[in-house]
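Colleague: Contents of coords_27.cif (mmCIF, C-alpha atoms and all ligand atoms) are below:
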data_protein
loop_
_atom_site.label_atom_id
_atom_site.label_comp_id
_atom_site.auth_asym_id
_atom_site.auth_seq_id
_atom_site.Cartn_x
_atom_site.Cartn_y
_atom_site.Cartn_z
CA MET E 1 20.35 -16.30 10.20
CA ILE E 2 21.72 -12.78 10.62
CA ARG E 3 23.81 -11.23 7.85
CA PHE E 4 25.71 -7.94 8.19
CA THR E 5 26.89 -6.23 4.98
CA GLU E 6 28.81 -2.96 5.00
CA ASN E 7 28.46 -0.44 2.17
CA ALA E 8 25.58 -2.53 0.77
CA SER E 9 23.66 -1.88 -2.43
CA LEU E 10 20.00 -1.03 -1.81
CA LEU E 11 18.91 -1.98 -5.32
CA PRO E 12 17.15 -5.14 -4.02
CA TYR E 13 15.39 -3.03 -1.40
CA ASN E 14 13.69 -0.32 -3.44
CA THR E 15 11.24 -1.02 -6.24
CA PHE E 16 12.12 2.35 -7.81
CA GLY E 17 15.43 0.79 -8.83
CA ILE E 18 17.55 3.64 -7.41
CA ALA E 19 21.22 2.71 -6.96
CA ALA E 20 21.72 3.93 -3.36
CA LYS E 21 23.90 2.32 -0.69
CA ALA E 22 23.57 1.71 3.05
CA ALA E 23 26.47 2.07 5.48
CA LEU E 24 25.27 -1.21 7.00
CA LEU E 25 22.60 -3.67 5.86
CA VAL E 26 21.35 -6.24 8.36
CA GLU E 27 19.22 -9.11 7.07
CA TYR E 28 17.57 -11.63 9.40
CA ASN E 29 14.83 -14.23 9.22
CA GLN E 30 13.42 -14.79 12.69
CA GLU E 31 11.99 -12.70 15.48
CA GLU E 32 14.52 -14.18 17.94
CA ASP E 33 17.36 -12.51 15.98
CA LEU E 34 16.23 -9.00 16.93
CA PRO E 35 17.71 -8.75 20.47
CA THR E 36 21.09 -9.97 19.13
CA ILE E 37 20.99 -7.45 16.27
CA PHE E 38 20.17 -4.48 18.48
CA GLN E 39 22.87 -5.42 21.01
CA ASP E 40 25.52 -5.60 18.31
CA PRO E 41 27.94 -2.63 18.61
CA ARG E 42 27.56 -1.93 14.86
CA VAL E 43 23.83 -1.35 15.38
CA LYS E 44 23.29 -0.33 19.03
CA GLY E 45 22.25 3.32 19.33
CA LYS E 46 22.57 3.96 15.56
CA PRO E 47 19.73 5.35 13.47
CA PHE E 48 18.00 2.53 11.63
CA LEU E 49 15.39 2.09 8.97
CA HIS E 50 13.47 -1.14 8.62
CA VAL E 51 12.44 -1.89 5.04
CA GLY E 52 10.27 -4.47 3.31
CA GLN E 53 10.64 -4.63 -0.46
CA GLY E 54 10.98 -0.85 -0.47
CA SER E 55 7.87 -0.42 -2.59
CA ASN E 56 7.05 2.93 -1.05
CA LEU E 57 10.50 4.47 -0.63
CA LEU E 58 12.68 6.87 -2.53
CA PHE E 59 16.32 6.94 -1.41
CA THR E 60 17.43 10.50 -2.17
CA GLN E 61 21.01 9.74 -1.12
CA ASP E 62 23.10 6.94 0.39
CA TYR E 63 21.79 5.92 3.83
CA PRO E 64 24.41 6.63 6.52
CA GLY E 65 22.87 4.34 9.17
CA VAL E 66 21.57 0.78 9.41
CA ILE E 67 19.01 -0.65 6.99
CA LEU E 68 17.23 -3.71 8.39
CA HIS E 69 15.34 -6.30 6.42
CA GLY E 70 13.50 -9.22 7.98
CA SER E 71 12.27 -12.33 6.21
CA ILE E 72 10.02 -13.60 9.01
CA LYS E 73 7.76 -16.01 7.13
CA GLY E 74 4.73 -18.05 8.01
CA ILE E 75 0.96 -17.97 7.51
CA LYS E 76 -0.85 -19.85 10.27
CA LEU E 77 -4.51 -20.46 11.00
CA ASN E 78 -5.57 -19.11 14.38
CA ALA E 79 -9.08 -19.28 15.87
CA SER E 80 -12.10 -19.54 13.61
CA GLY E 81 -15.72 -18.54 14.05
CA ASP E 82 -18.92 -19.13 12.15
CA GLU E 83 -18.11 -16.68 9.41
CA GLU E 84 -14.52 -15.77 10.08
CA GLN E 85 -11.01 -17.11 10.26
CA LEU E 86 -8.17 -15.47 12.16
CA VAL E 87 -4.80 -15.75 10.45
CA GLU E 88 -1.30 -15.01 11.81
CA VAL E 89 1.18 -13.79 9.24
CA GLY E 90 4.92 -13.12 9.48
CA ALA E 91 5.96 -9.55 8.61
CA GLY E 92 8.31 -10.76 5.87
CA GLU E 93 5.64 -12.58 3.84
CA VAL E 94 5.04 -10.99 0.45
CA TRP E 95 1.65 -9.29 0.64
CA ASP E 96 0.34 -10.70 -2.63
CA HIS E 97 1.40 -14.25 -1.67
CA LEU E 98 -0.89 -13.83 1.32
CA CYS E 99 -3.73 -12.63 -0.96
CA GLN E 100 -3.21 -15.66 -3.19
CA TRP E 101 -3.02 -18.03 -0.18
CA ALA E 102 -6.31 -16.59 1.14
CA ALA E 103 -8.02 -16.78 -2.27
CA ILE E 104 -7.12 -20.47 -2.66
CA ARG E 105 -8.59 -21.28 0.76
CA GLY E 106 -11.76 -19.20 0.41
CA PHE E 107 -10.83 -16.55 2.98
CA MET E 108 -12.16 -13.13 2.05
CA GLY E 109 -11.42 -9.52 2.89
CA ILE E 110 -8.11 -8.89 1.12
CA GLU E 111 -8.99 -9.82 -2.47
CA ASN E 112 -9.38 -6.13 -3.41
CA LEU E 113 -5.84 -5.59 -2.13
CA SER E 114 -4.45 -8.20 -4.55
CA GLY E 115 -1.37 -7.26 -6.51
CA ILE E 116 -0.13 -4.51 -4.18
CA PRO E 117 3.66 -4.80 -4.11
CA GLY E 118 5.48 -5.08 -0.79
CA GLU E 119 5.54 -7.16 2.36
CA VAL E 120 3.05 -7.71 5.15
CA GLY E 121 4.98 -5.61 7.71
CA ALA E 122 5.01 -2.62 5.37
CA ALA E 123 1.29 -3.10 4.66
CA ALA E 124 0.69 -2.64 8.41
CA VAL E 125 2.83 0.51 8.54
CA GLN E 126 1.30 2.11 5.47
CA ASN E 127 -2.30 0.93 5.87
CA ILE E 128 -2.27 -0.05 2.20
CA GLY E 129 -5.52 0.47 0.36
CA ALA E 130 -7.10 -0.09 -3.03
CA TYR E 131 -10.51 -0.56 -4.64
CA GLY E 132 -12.51 0.32 -1.55
CA ALA E 133 -10.54 -1.81 0.93
CA GLU E 134 -7.80 -1.02 3.42
CA PHE E 135 -5.43 -3.12 5.54
CA LYS E 136 -7.06 -1.79 8.73
CA ASP E 137 -10.41 -3.35 7.74
CA VAL E 138 -8.99 -6.85 8.34
CA CYS E 139 -6.36 -6.10 10.97
CA VAL E 140 -6.94 -7.35 14.53
CA ALA E 141 -3.47 -6.66 15.96
CA VAL E 142 0.15 -6.03 15.05
CA ALA E 143 3.06 -7.81 16.80
CA VAL E 144 6.12 -5.62 17.39
CA TYR E 145 9.56 -5.82 18.95
CA ASP E 146 10.28 -2.73 21.07
CA VAL E 147 13.93 -1.89 20.49
CA GLN E 148 14.12 0.46 23.51
CA GLN E 149 12.81 -2.04 26.02
CA SER E 150 13.96 -5.25 24.29
CA LYS E 151 10.43 -6.63 24.58
CA ASN E 152 7.72 -7.98 22.32
CA TYR E 153 4.29 -6.37 22.33
CA ILE E 154 0.95 -6.85 20.67
CA VAL E 155 -0.62 -3.58 19.50
CA GLY E 156 -4.40 -3.85 19.07
CA VAL E 157 -5.79 -2.32 15.86
CA GLU E 158 -7.55 0.41 17.85
CA ASP E 159 -4.13 1.61 19.07
CA CYS E 160 -2.52 1.63 15.62
CA ARG E 161 -4.18 4.99 14.74
CA TYR E 162 -4.85 3.93 11.21
CA GLY E 163 -5.76 6.61 8.68
CA TYR E 164 -5.37 7.19 4.94
CA ARG E 165 -1.97 5.56 4.21
CA THR E 166 -0.80 6.20 7.75
CA SER E 167 -0.45 4.65 11.21
CA ILE E 168 1.27 5.10 14.55
CA PHE E 169 4.22 3.18 13.05
CA LYS E 170 4.99 6.20 10.83
CA ASP E 171 5.33 8.58 13.80
CA ALA E 172 8.95 9.64 14.33
CA GLU E 173 8.89 8.33 17.92
CA PHE E 174 7.69 4.85 17.02
CA LYS E 175 9.51 4.49 13.71
CA SER E 176 12.82 4.28 15.52
CA ARG E 177 11.46 2.09 18.29
CA PHE E 178 9.23 -0.66 16.94
CA VAL E 179 10.01 -3.41 14.46
CA ILE E 180 6.88 -5.14 13.17
CA THR E 181 7.27 -8.91 13.37
CA GLY E 182 3.80 -10.11 12.37
CA VAL E 183 0.09 -9.36 12.10
CA LEU E 184 -3.15 -11.02 13.13
CA LEU E 185 -5.90 -10.67 10.53
CA ARG E 186 -9.60 -11.44 10.55
CA LEU E 187 -10.72 -12.84 7.20
CA ARG E 188 -14.28 -13.77 6.26
CA THR E 189 -15.47 -17.19 5.22
CA LYS E 190 -18.84 -15.91 4.02
CA ALA E 191 -18.81 -14.27 0.62
CA LEU E 192 -19.73 -10.63 0.31
CA PHE E 193 -17.59 -8.85 -2.21
CA ASN E 194 -16.86 -5.16 -2.30
CA ILE E 195 -17.64 -4.27 -5.91
CA GLU E 196 -18.58 -0.60 -5.53
CA TYR E 197 -15.27 1.05 -6.45
CA GLY E 198 -14.66 2.55 -9.90
CA ASN E 199 -14.91 0.11 -12.75
CA ILE E 200 -15.03 -3.19 -10.82
CA LYS E 201 -18.67 -3.81 -11.71
CA ALA E 202 -18.05 -3.10 -15.40
CA ALA E 203 -15.03 -5.42 -15.41
CA LEU E 204 -17.04 -8.22 -13.73
CA LEU E 205 -19.96 -7.84 -16.18
CA GLU E 206 -17.53 -7.94 -19.08
CA ARG E 207 -16.23 -11.26 -17.78
CA GLY E 208 -19.74 -12.70 -17.58
CA TYR E 209 -20.37 -12.37 -13.84
CA SER E 210 -23.71 -11.46 -12.32
CA LEU E 211 -23.63 -8.54 -9.93
CA GLN E 212 -26.19 -10.30 -7.71
CA GLN E 213 -24.16 -11.61 -4.82
CA LYS E 214 -24.92 -15.06 -3.45
CA ASP E 215 -23.17 -16.94 -0.70
CA VAL E 216 -20.69 -19.06 -2.67
CA ARG E 217 -20.65 -21.68 0.08
CA THR E 218 -24.36 -22.37 -0.17
CA SER E 219 -24.98 -21.73 -3.84
CA ARG E 220 -25.71 -25.14 -5.39
CA ARG E 221 -26.81 -24.16 -8.84
CA LYS E 222 -24.31 -25.01 -11.52
CA PRO E 223 -23.01 -21.70 -12.85
CA SER E 224 -23.76 -20.91 -16.50
CA LYS E 225 -21.15 -19.27 -18.71
CA VAL E 226 -22.84 -15.87 -18.47
CA ASN E 227 -24.34 -14.44 -15.30
CA ARG E 228 -22.03 -16.63 -13.22
CA PRO E 229 -21.99 -15.83 -9.51
CA ILE E 230 -18.92 -13.85 -8.47
CA THR E 231 -16.32 -16.06 -6.84
CA LEU E 232 -13.31 -15.16 -4.76
CA SER E 233 -10.90 -16.12 -7.53
CA ALA E 234 -12.96 -14.07 -10.02
CA MET E 235 -12.65 -11.03 -7.74
CA ARG E 236 -8.91 -11.51 -7.36
CA GLU E 237 -8.37 -11.98 -11.10
CA THR E 238 -10.53 -8.96 -11.93
CA ILE E 239 -8.60 -6.74 -9.51
CA LEU E 240 -5.28 -8.01 -10.88
CA ALA E 241 -6.47 -7.28 -14.44
CA ILE E 242 -7.65 -3.75 -13.55
CA ARG E 243 -4.31 -3.08 -11.87
CA SER E 244 -2.14 -4.41 -14.66
CA ALA E 245 -4.05 -2.38 -17.26
CA LYS E 246 -3.27 0.86 -15.37
CA LEU E 247 -0.22 0.36 -13.20
CA PRO E 248 3.34 -0.33 -14.31
CA ASP E 249 5.04 -3.59 -13.27
CA PRO E 250 8.02 -2.61 -11.06
CA ALA E 251 10.01 -5.46 -12.66
CA ILE E 252 9.80 -3.56 -15.98
CA TYR E 253 9.63 0.11 -14.93
CA GLY E 254 10.87 0.82 -11.42
CA ASN E 255 8.21 2.67 -9.41
CA ALA E 256 6.77 3.02 -5.94
CA GLY E 257 3.04 2.92 -6.70
CA SER E 258 1.16 6.17 -6.12
CA PHE E 259 3.78 8.87 -5.76
CA PHE E 260 1.32 11.39 -4.31
CA LYS E 261 -1.60 11.16 -1.92
CA ASN E 262 -5.01 12.10 -3.19
CA PRO E 263 -5.46 15.62 -1.76
CA VAL E 264 -8.32 16.36 0.61
CA ILE E 265 -9.85 19.76 -0.18
CA PRO E 266 -12.78 21.84 1.15
CA ILE E 267 -16.03 21.03 -0.64
CA VAL E 268 -16.41 24.75 -1.51
CA LYS E 269 -13.19 24.58 -3.46
CA TYR E 270 -14.27 21.34 -5.14
CA ARG E 271 -17.52 23.01 -6.29
CA ALA E 272 -15.55 25.88 -7.81
CA LEU E 273 -13.27 23.44 -9.65
CA HIS E 274 -16.26 21.33 -10.72
CA SER E 275 -17.96 24.33 -12.31
CA GLN E 276 -14.85 24.81 -14.47
CA TYR E 277 -14.02 21.11 -14.99
CA PRO E 278 -17.31 19.16 -14.83
CA ASP E 279 -15.60 15.76 -15.15
CA ILE E 280 -13.32 16.14 -12.12
CA PRO E 281 -13.95 13.05 -9.94
CA MET E 282 -14.22 13.10 -6.14
CA TYR E 283 -14.54 10.70 -3.21
CA ALA E 284 -16.20 11.26 0.13
CA VAL E 285 -13.89 11.64 3.13
CA THR E 286 -14.52 9.58 6.22
CA LYS E 287 -13.71 11.06 9.62
CA PRO E 288 -11.87 8.96 12.25
CA ASN E 289 -15.24 8.24 13.92
CA GLY E 290 -16.47 6.62 10.69
CA GLU E 291 -18.88 9.43 9.72
CA GLN E 292 -18.70 11.14 6.36
CA ASP E 293 -17.07 14.58 6.50
CA PRO E 294 -19.64 17.07 5.08
CA ASN E 295 -17.01 19.79 4.51
CA MET E 296 -14.16 17.97 2.79
CA VAL E 297 -13.73 15.76 -0.29
CA LYS E 298 -10.83 13.86 -1.80
CA VAL E 299 -9.87 14.40 -5.44
CA PRO E 300 -7.67 12.02 -7.46
CA ALA E 301 -4.15 13.41 -7.77
CA GLY E 302 -3.80 11.39 -11.01
CA TRP E 303 -6.64 13.39 -12.60
CA LEU E 304 -5.10 16.71 -11.48
CA ILE E 305 -1.68 15.72 -12.84
CA GLU E 306 -3.08 14.55 -16.17
CA HIS E 307 -5.29 17.64 -16.58
CA SER E 308 -2.47 20.01 -15.74
CA GLY E 309 -0.67 18.66 -18.80
CA CYS E 310 1.97 16.59 -16.99
CA ALA E 311 1.17 13.16 -18.46
CA THR E 312 4.23 13.19 -20.69
CA ARG E 313 6.62 15.08 -18.37
CA ARG E 314 10.06 13.55 -17.98
CA VAL E 315 13.29 14.57 -16.26
CA GLY E 316 16.19 12.41 -17.42
CA ASP E 317 15.05 8.82 -16.87
CA ALA E 318 12.27 9.78 -14.42
CA ALA E 319 8.85 10.00 -16.08
CA VAL E 320 5.13 10.24 -15.38
CA TYR E 321 3.35 6.96 -16.24
CA PRO E 322 0.76 8.20 -18.74
CA LYS E 323 -1.87 5.48 -18.06
CA GLN E 324 -1.92 6.43 -14.35
CA CYS E 325 -0.33 9.83 -13.82
CA LEU E 326 -0.18 9.30 -10.06
CA VAL E 327 2.75 6.95 -10.62
CA LEU E 328 6.28 8.11 -11.46
CA VAL E 329 8.49 5.54 -13.16
CA ASN E 330 12.17 4.86 -13.65
CA MET E 331 12.63 4.41 -17.42
CA GLY E 332 16.09 2.92 -16.96
CA LYS E 333 18.77 4.60 -14.92
CA ALA E 334 16.88 7.40 -13.17
CA LYS E 335 18.76 9.16 -10.40
CA SER E 336 16.86 10.07 -7.27
CA GLN E 337 17.47 13.77 -7.99
CA GLU E 338 15.67 13.40 -11.33
CA VAL E 339 12.67 11.86 -9.57
CA VAL E 340 12.66 14.65 -6.97
CA GLN E 341 12.93 17.31 -9.68
CA LEU E 342 10.06 15.77 -11.64
CA ALA E 343 7.93 15.57 -8.47
CA ASN E 344 8.60 19.26 -7.78
CA ILE E 345 7.64 20.26 -11.33
CA ILE E 346 4.36 18.33 -10.94
CA ILE E 347 3.60 19.89 -7.54
CA GLU E 348 4.19 23.40 -8.91
CA THR E 349 2.21 22.81 -12.11
CA VAL E 350 -0.82 21.39 -10.27
CA LEU E 351 -0.70 24.23 -7.72
CA ASP E 352 -0.52 26.77 -10.49
CA ARG E 353 -3.37 25.27 -12.49
CA PHE E 354 -5.82 24.15 -9.78
CA ASP E 355 -4.54 25.83 -6.59
CA VAL E 356 -4.32 22.39 -4.95
CA GLN E 357 -1.21 21.33 -3.03
CA LEU E 358 -0.02 17.76 -3.70
CA GLU E 359 1.85 15.82 -1.05
CA PRO E 360 4.07 12.81 -1.72
CA GLU E 361 2.78 9.44 -0.58
CA VAL E 362 6.20 7.93 -1.12
CA ASN E 363 8.57 8.21 1.85
CA PHE E 364 11.70 10.22 0.97
CA ILE E 365 14.71 8.75 2.77
N1 LIG A 1 -7.51 9.51 -13.20
C1 LIG A 1 -7.24 10.31 -14.30
N2 LIG A 1 -5.96 10.33 -14.79
C2 LIG A 1 -4.97 9.58 -14.25
C3 LIG A 1 -5.25 8.77 -13.12
C4 LIG A 1 -6.53 8.75 -12.60
O1 LIG A 1 -8.10 10.99 -14.82
O2 LIG A 1 -3.86 9.64 -14.75
C5 LIG A 1 -8.89 9.43 -12.70
C6 LIG A 1 -9.52 8.08 -13.02
O3 LIG A 1 -10.11 8.07 -14.29
C7 LIG A 1 -10.52 7.91 -11.93
C8 LIG A 1 -9.88 8.61 -10.76
O4 LIG A 1 -8.90 9.47 -11.30
O5 LIG A 1 -11.72 8.57 -12.23
C9 LIG A 1 -9.31 7.63 -9.75
O6 LIG A 1 -8.33 6.82 -10.37
P1 LIG A 1 -7.97 5.36 -9.80
O7 LIG A 1 -9.19 4.55 -9.63
O8 LIG A 1 -6.88 4.81 -10.65
O9 LIG A 1 -7.46 5.64 -8.33
P2 LIG A 1 -6.55 6.75 -7.69
O10 LIG A 1 -7.38 7.56 -6.79
O11 LIG A 1 -5.76 7.44 -8.74
C10 LIG A 1 -6.03 5.31 -5.56
C11 LIG A 1 -4.84 4.80 -4.79
C12 LIG A 1 -4.18 3.62 -5.51
C13 LIG A 1 -5.22 2.53 -5.68
C14 LIG A 1 -6.41 3.10 -6.45
C15 LIG A 1 -7.53 2.10 -6.56
C16 LIG A 1 -3.93 6.71 -3.59
C17 LIG A 1 -2.83 7.69 -3.48
N3 LIG A 1 -3.86 5.87 -4.62
O12 LIG A 1 -5.55 5.84 -6.79
O13 LIG A 1 -3.16 3.13 -4.66
O14 LIG A 1 -4.69 1.42 -6.37
O15 LIG A 1 -6.94 4.26 -5.75
O16 LIG A 1 -8.12 1.96 -5.32
O17 LIG A 1 -4.81 6.71 -2.76
C18 LIG A 1 -0.85 3.13 -4.11
O18 LIG A 1 -1.17 3.57 -3.01
O19 LIG A 1 0.35 2.91 -4.42
C19 LIG A 1 -1.89 2.90 -5.12
C20 LIG A 1 -1.61 2.53 -6.37
#
Show how you would write the structure in this file as structure tokens.
Ligand code: EPU

Modeller:
Amino acid sequence: MIRFTENASLLPYNTFGIAAKAALLVEYNQEEDLPTIFQDPRVKGKPFLHVGQGSNLLFTQDYPGVILHGSIKGIKLNASGDEEQLVEVGAGEVWDHLCQWAAIRGFMGIENLSGIPGEVGAAAVQNIGAYGAEFKDVCVAVAVYDVQQSKNYIVGVEDCRYGYRTSIFKDAEFKSRFVITGVLLRLRTKALFNIEYGNIKAALLERGYSLQQKDVRTSRRKPSKVNRPITLSAMRETILAIRSAKLPDPAIYGNAGSFFKNPVIPIVKYRALHSQYPDIPMYAVTKPNGEQDPNMVKVPAGWLIEHSGCATRRVGDAAVYPKQCLVLVNMGKAKSQEVVQLANIIIETVLDRFDVQLEPEVNFI
């Protein structure tokens, strides 16, 4: 199926709920449609933007080119090993459906990424991350269609140049050349949960789970009501509960998740801030070679925004979400210009107060 719509509303394709339009919207549902689409005179040689659910986009105006959306579905078992299962997933699968599918079957590695809005293709572009896990940790390869050469390729994870919310697929050169059609993931079949981040341990204890990790496959003892061994579904439910307590549901308040990246600052600057604000949190920064960077740390943008007094800032219908100030929400009929204005006020206020420059994580289109 290929559907061409001129002057199309982009409301279904941005979770911010901004009423922008595209000169042409092309929707398709199989990889084999791509050569036909890119040969079509309405598309050939025109600038295009491929979107998923648009959970990380802000349309600042109508899009004058072609917006593409693929619904390539399918989750298939590939090879399996002693403690792992390879899984092939279509780029148009909803990310959290995949997390749920994996949790039901006992495949681990993406449970901490439960509840992240968006589709699998976008997860591979953005290297989504949460609660100590990132897409790249489970990615083996990404399947793409090369628009320039009309060919399909497999890009190995080592060539995807994954970093903090970034990849080769965000580079200007590749953005307008590759369409992601699917991913190959390596999931674990042996339980070892990542419970180190933030308040995961506290949330598990509160629900009666023991923090001692056992292999759920081999554990034979009948679990008691307290001190139960952590299970995959317990991990998923705990992550979903932590998220829903802090993050707005895009179906209620339009939003695009974290609006800003957590800034990386020199440790010397962090120490100076820490002496003034002893409760300012920080995370270690990992270099591309996997070593910890001794000179730089990451600080939560949400903390900086809240402590610069922006938690209740609002411009028209664009507002800061007070429970997680890193998220900007659409309270009803926000215009993109209101969101941009609010973002600029926040950037200036944080710079003024802490001398730290915030950068948007959301892609402005
Ligand atoms: N904090 C505040 N005030 C706030 C928000 C946060 O003081 O308004 C403090 C928290 O108390 C905590 C620290 O900042 O000490 C970190 O907060 P949190 O655990 O909520 O994580 P984050 O660093 O704000 C990042 C990701 C989120 C991801 C969470 C959990 C980025 C830009 N954001 O947020 O990702 O869910 O960690 O792993 O890296 C997204 O990318 O859309 C997203 C939601």

Colleague: Report, as AutoDock Vina command-line options, the centre and edge lengths in Å (one decimal) of the axis-aligned box enclosing every listed atom of stretch 62-80 of chain E, padded by 4 Å on each side.

Modeller:
--center_x 6.2 --center_y -6.8 --center_z 8.1 --size_x 44.5 --size_y 35.4 --size_z 23.5

Colleague: Considering only C-alpha atoms and all ligand atoms, give me a table of residues in chain E that are at most 9 Å from ligand LIG 1 (chain A), with the closest atom pair and distance in Å for each, as a tab-separated table.

Modeller:
residue	atom	partner	partner_atom	distance
E:Ser55	CA	A:LIG1	O19	8.4
E:Asn56	CA	A:LIG1	O19	7.5
E:Asn112	CA	A:LIG1	O16	8.4
E:Leu113	CA	A:LIG1	O14	8.3
E:Ile116	CA	A:LIG1	O19	7.4
E:Pro117	CA	A:LIG1	O19	8.4
E:Gln126	CA	A:LIG1	O18	9.0
E:Ile128	CA	A:LIG1	O18	6.4
E:Gly129	CA	A:LIG1	O13	6.2
E:Ala130	CA	A:LIG1	O16	3.2
E:Tyr131	CA	A:LIG1	O16	3.5
E:Gly132	CA	A:LIG1	O16	6.0
E:Ala133	CA	A:LIG1	O16	7.7
E:Tyr164	CA	A:LIG1	O17	7.7
E:Arg165	CA	A:LIG1	O18	7.5
E:Tyr197	CA	A:LIG1	O16	7.3
E:Gly198	CA	A:LIG1	O7	5.8
E:Asn199	CA	A:LIG1	O7	7.9
E:Arg243	CA	A:LIG1	O14	7.1
E:Lys246	CA	A:LIG1	O8	7.1
E:Leu247	CA	A:LIG1	C20	7.3
E:Ala256	CA	A:LIG1	O19	6.6
E:Gly257	CA	A:LIG1	O19	3.5
E:Ser258	CA	A:LIG1	O19	3.8
E:Phe259	CA	A:LIG1	O19	7.0
E:Phe260	CA	A:LIG1	C17	5.6
E:Lys261	CA	A:LIG1	C17	4.0
E:Asn262	CA	A:LIG1	C17	4.9
E:Pro263	CA	A:LIG1	C17	8.5
E:Asp279	CA	A:LIG1	O5	8.7
E:Ile280	CA	A:LIG1	O5	7.7
E:Pro281	CA	A:LIG1	O5	5.5
E:Met282	CA	A:LIG1	C8	7.8
E:Tyr283	CA	A:LIG1	O10	8.6
E:Lys298	CA	A:LIG1	O10	8.7
E:Val299	CA	A:LIG1	O10	7.4
E:Pro300	CA	A:LIG1	O10	4.5
E:Ala301	CA	A:LIG1	O11	6.3
E:Gly302	CA	A:LIG1	C3	3.7
E:Trp303	CA	A:LIG1	C1	3.6
E:Leu304	CA	A:LIG1	N2	7.2
E:Ile305	CA	A:LIG1	O2	6.7
E:Glu306	CA	A:LIG1	O2	5.2
E:His307	CA	A:LIG1	O1	7.4
E:Ala311	CA	A:LIG1	O2	7.2
E:Tyr321	CA	A:LIG1	O2	7.8
E:Pro322	CA	A:LIG1	O2	6.3
E:Lys323	CA	A:LIG1	O2	5.7
E:Gln324	CA	A:LIG1	O2	3.8
E:Cys325	CA	A:LIG1	O2	3.7
E:Leu326	CA	A:LIG1	C3	5.9
E:Val327	CA	A:LIG1	C20	7.5
E:Pro360	CA	A:LIG1	C17	8.8
E:Glu361	CA	A:LIG1	C17	6.6
E:Val362	CA	A:LIG1	O19	8.4

Colleague: Determine the nearest neighbour of E:Leu184 from the options E:Cys160, E:Val89, E:Val315, E:Cys99, counting only C-alpha atoms.

Modeller: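 Nearest to E:Leu184: E:Val89.
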
Colleague: Can you work out the spacing between atom CA of E:Glu31 and atom CA of E:Leu98 in Å, to one decimal?

Modeller: 19.2 Å

Colleague: Taking 2 positions as the minimum chain separation for residues in the same chain, which residues sit within 7 Å of E:Leu49 when counting all atoms listed in the file? Answer as a ChimeraX atom specification.

Modeller: /E:51,66-68

Colleague: Please produce a file of the residues just selected, as a PDB file, in the coordinates of the input, where the atoms kept are C-alpha atoms.

Modeller:
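Output file again33.pdb follows:
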ATOM      1  CA  VAL E  51      12.440  -1.890   5.040  1.00  0.00           C
ATOM      2  CA  VAL E  66      21.570   0.780   9.410  1.00  0.00           C
ATOM      3  CA  ILE E  67      19.010  -0.650   6.990  1.00  0.00           C
ATOM      4  CA  LEU E  68      17.230  -3.710   8.390  1.00  0.00           C
TER       5      LEU E  68
END

Colleague: Between atom CA of E:Thr60 and atom CA of E:His97, what is the spacing in Å?

Modeller: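 Between these atoms lies a distance of 29.5 Å.
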
Colleague: Pick out the closest residue to E:Val179 from this set: E:Arg207, E:Lys151, E:Arg3, E:Lys21. Count all atoms listed in the file.

Modeller: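 For E:Val179, the nearest of the candidates is E:Lys151.
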
Colleague: Using all atoms listed in the file, which of the listed residues (E:Ile180, E:Ala172, E:Ala91, E:Leu86) sits closest to E:Gly118?

Modeller: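 That would be E:Ala91, the residue with the smallest distance to E:Gly118.
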
Colleague: I'd like the interatomic distance between atom CA of E:Asp96 and atom CA of E:Ile200, to a tenth of an Å.

Modeller: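 That distance, rounded to one decimal, is 19.0 Å.
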
Colleague: I need every residue sitting at most 7 Å from the point (-7.3, -5.8, -8.6) (coordinates as in the file, only C-alpha atoms considered), written as a PyMOL selection string.

Modeller: chain E and resi 112-115+236-243

Colleague: So which residues touch E:Lys175 within 9 Å, counting all atoms listed in the file, skipping near sequence neighbours fewer than 6 positions away, as an mmCIF file with C-alpha atoms, in the frame of the given file?

Modeller:
data_model
loop_
_atom_site.group_PDB
_atom_site.id
_atom_site.type_symbol
_atom_site.label_atom_id
_atom_site.label_comp_id
_atom_site.auth_asym_id
_atom_site.auth_seq_id
_atom_site.Cartn_x
_atom_site.Cartn_y
_atom_site.Cartn_z
ATOM 1 C CA PHE E 48 18.000 2.530 11.630
ATOM 2 C CA LEU E 49 15.390 2.090 8.970
ATOM 3 C CA HIS E 50 13.470 -1.140 8.620
ATOM 4 C CA ILE E 168 1.270 5.100 14.550
ATOM 5 C CA PHE E 169 4.220 3.180 13.050
#

Colleague: Which is closest to E:Glu111 among E:Leu187, E:Ile346, E:Leu328, E:Ala20, if we use only C-alpha atoms?

Modeller: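 Using only C-alpha atoms, the shortest distance to E:Glu111 belongs to E:Leu187.
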
Colleague: Counting all atoms listed in the file, which of E:Asp40, E:Asp62, E:Asp137, E:Asp317 gets nearest to E:Ala22?

Modeller: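 That would be E:Asp62, the residue with the smallest distance to E:Ala22.
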
Colleague: Compare E:Tyr277, E:Asn289, E:Tyr145, E:Gln337 by their minimum atom-to-atom distance to E:Ser308, counting all atoms listed in the file, and give me the closest one.

Modeller: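 Among the listed residues, E:Tyr277 lies closest to E:Ser308.
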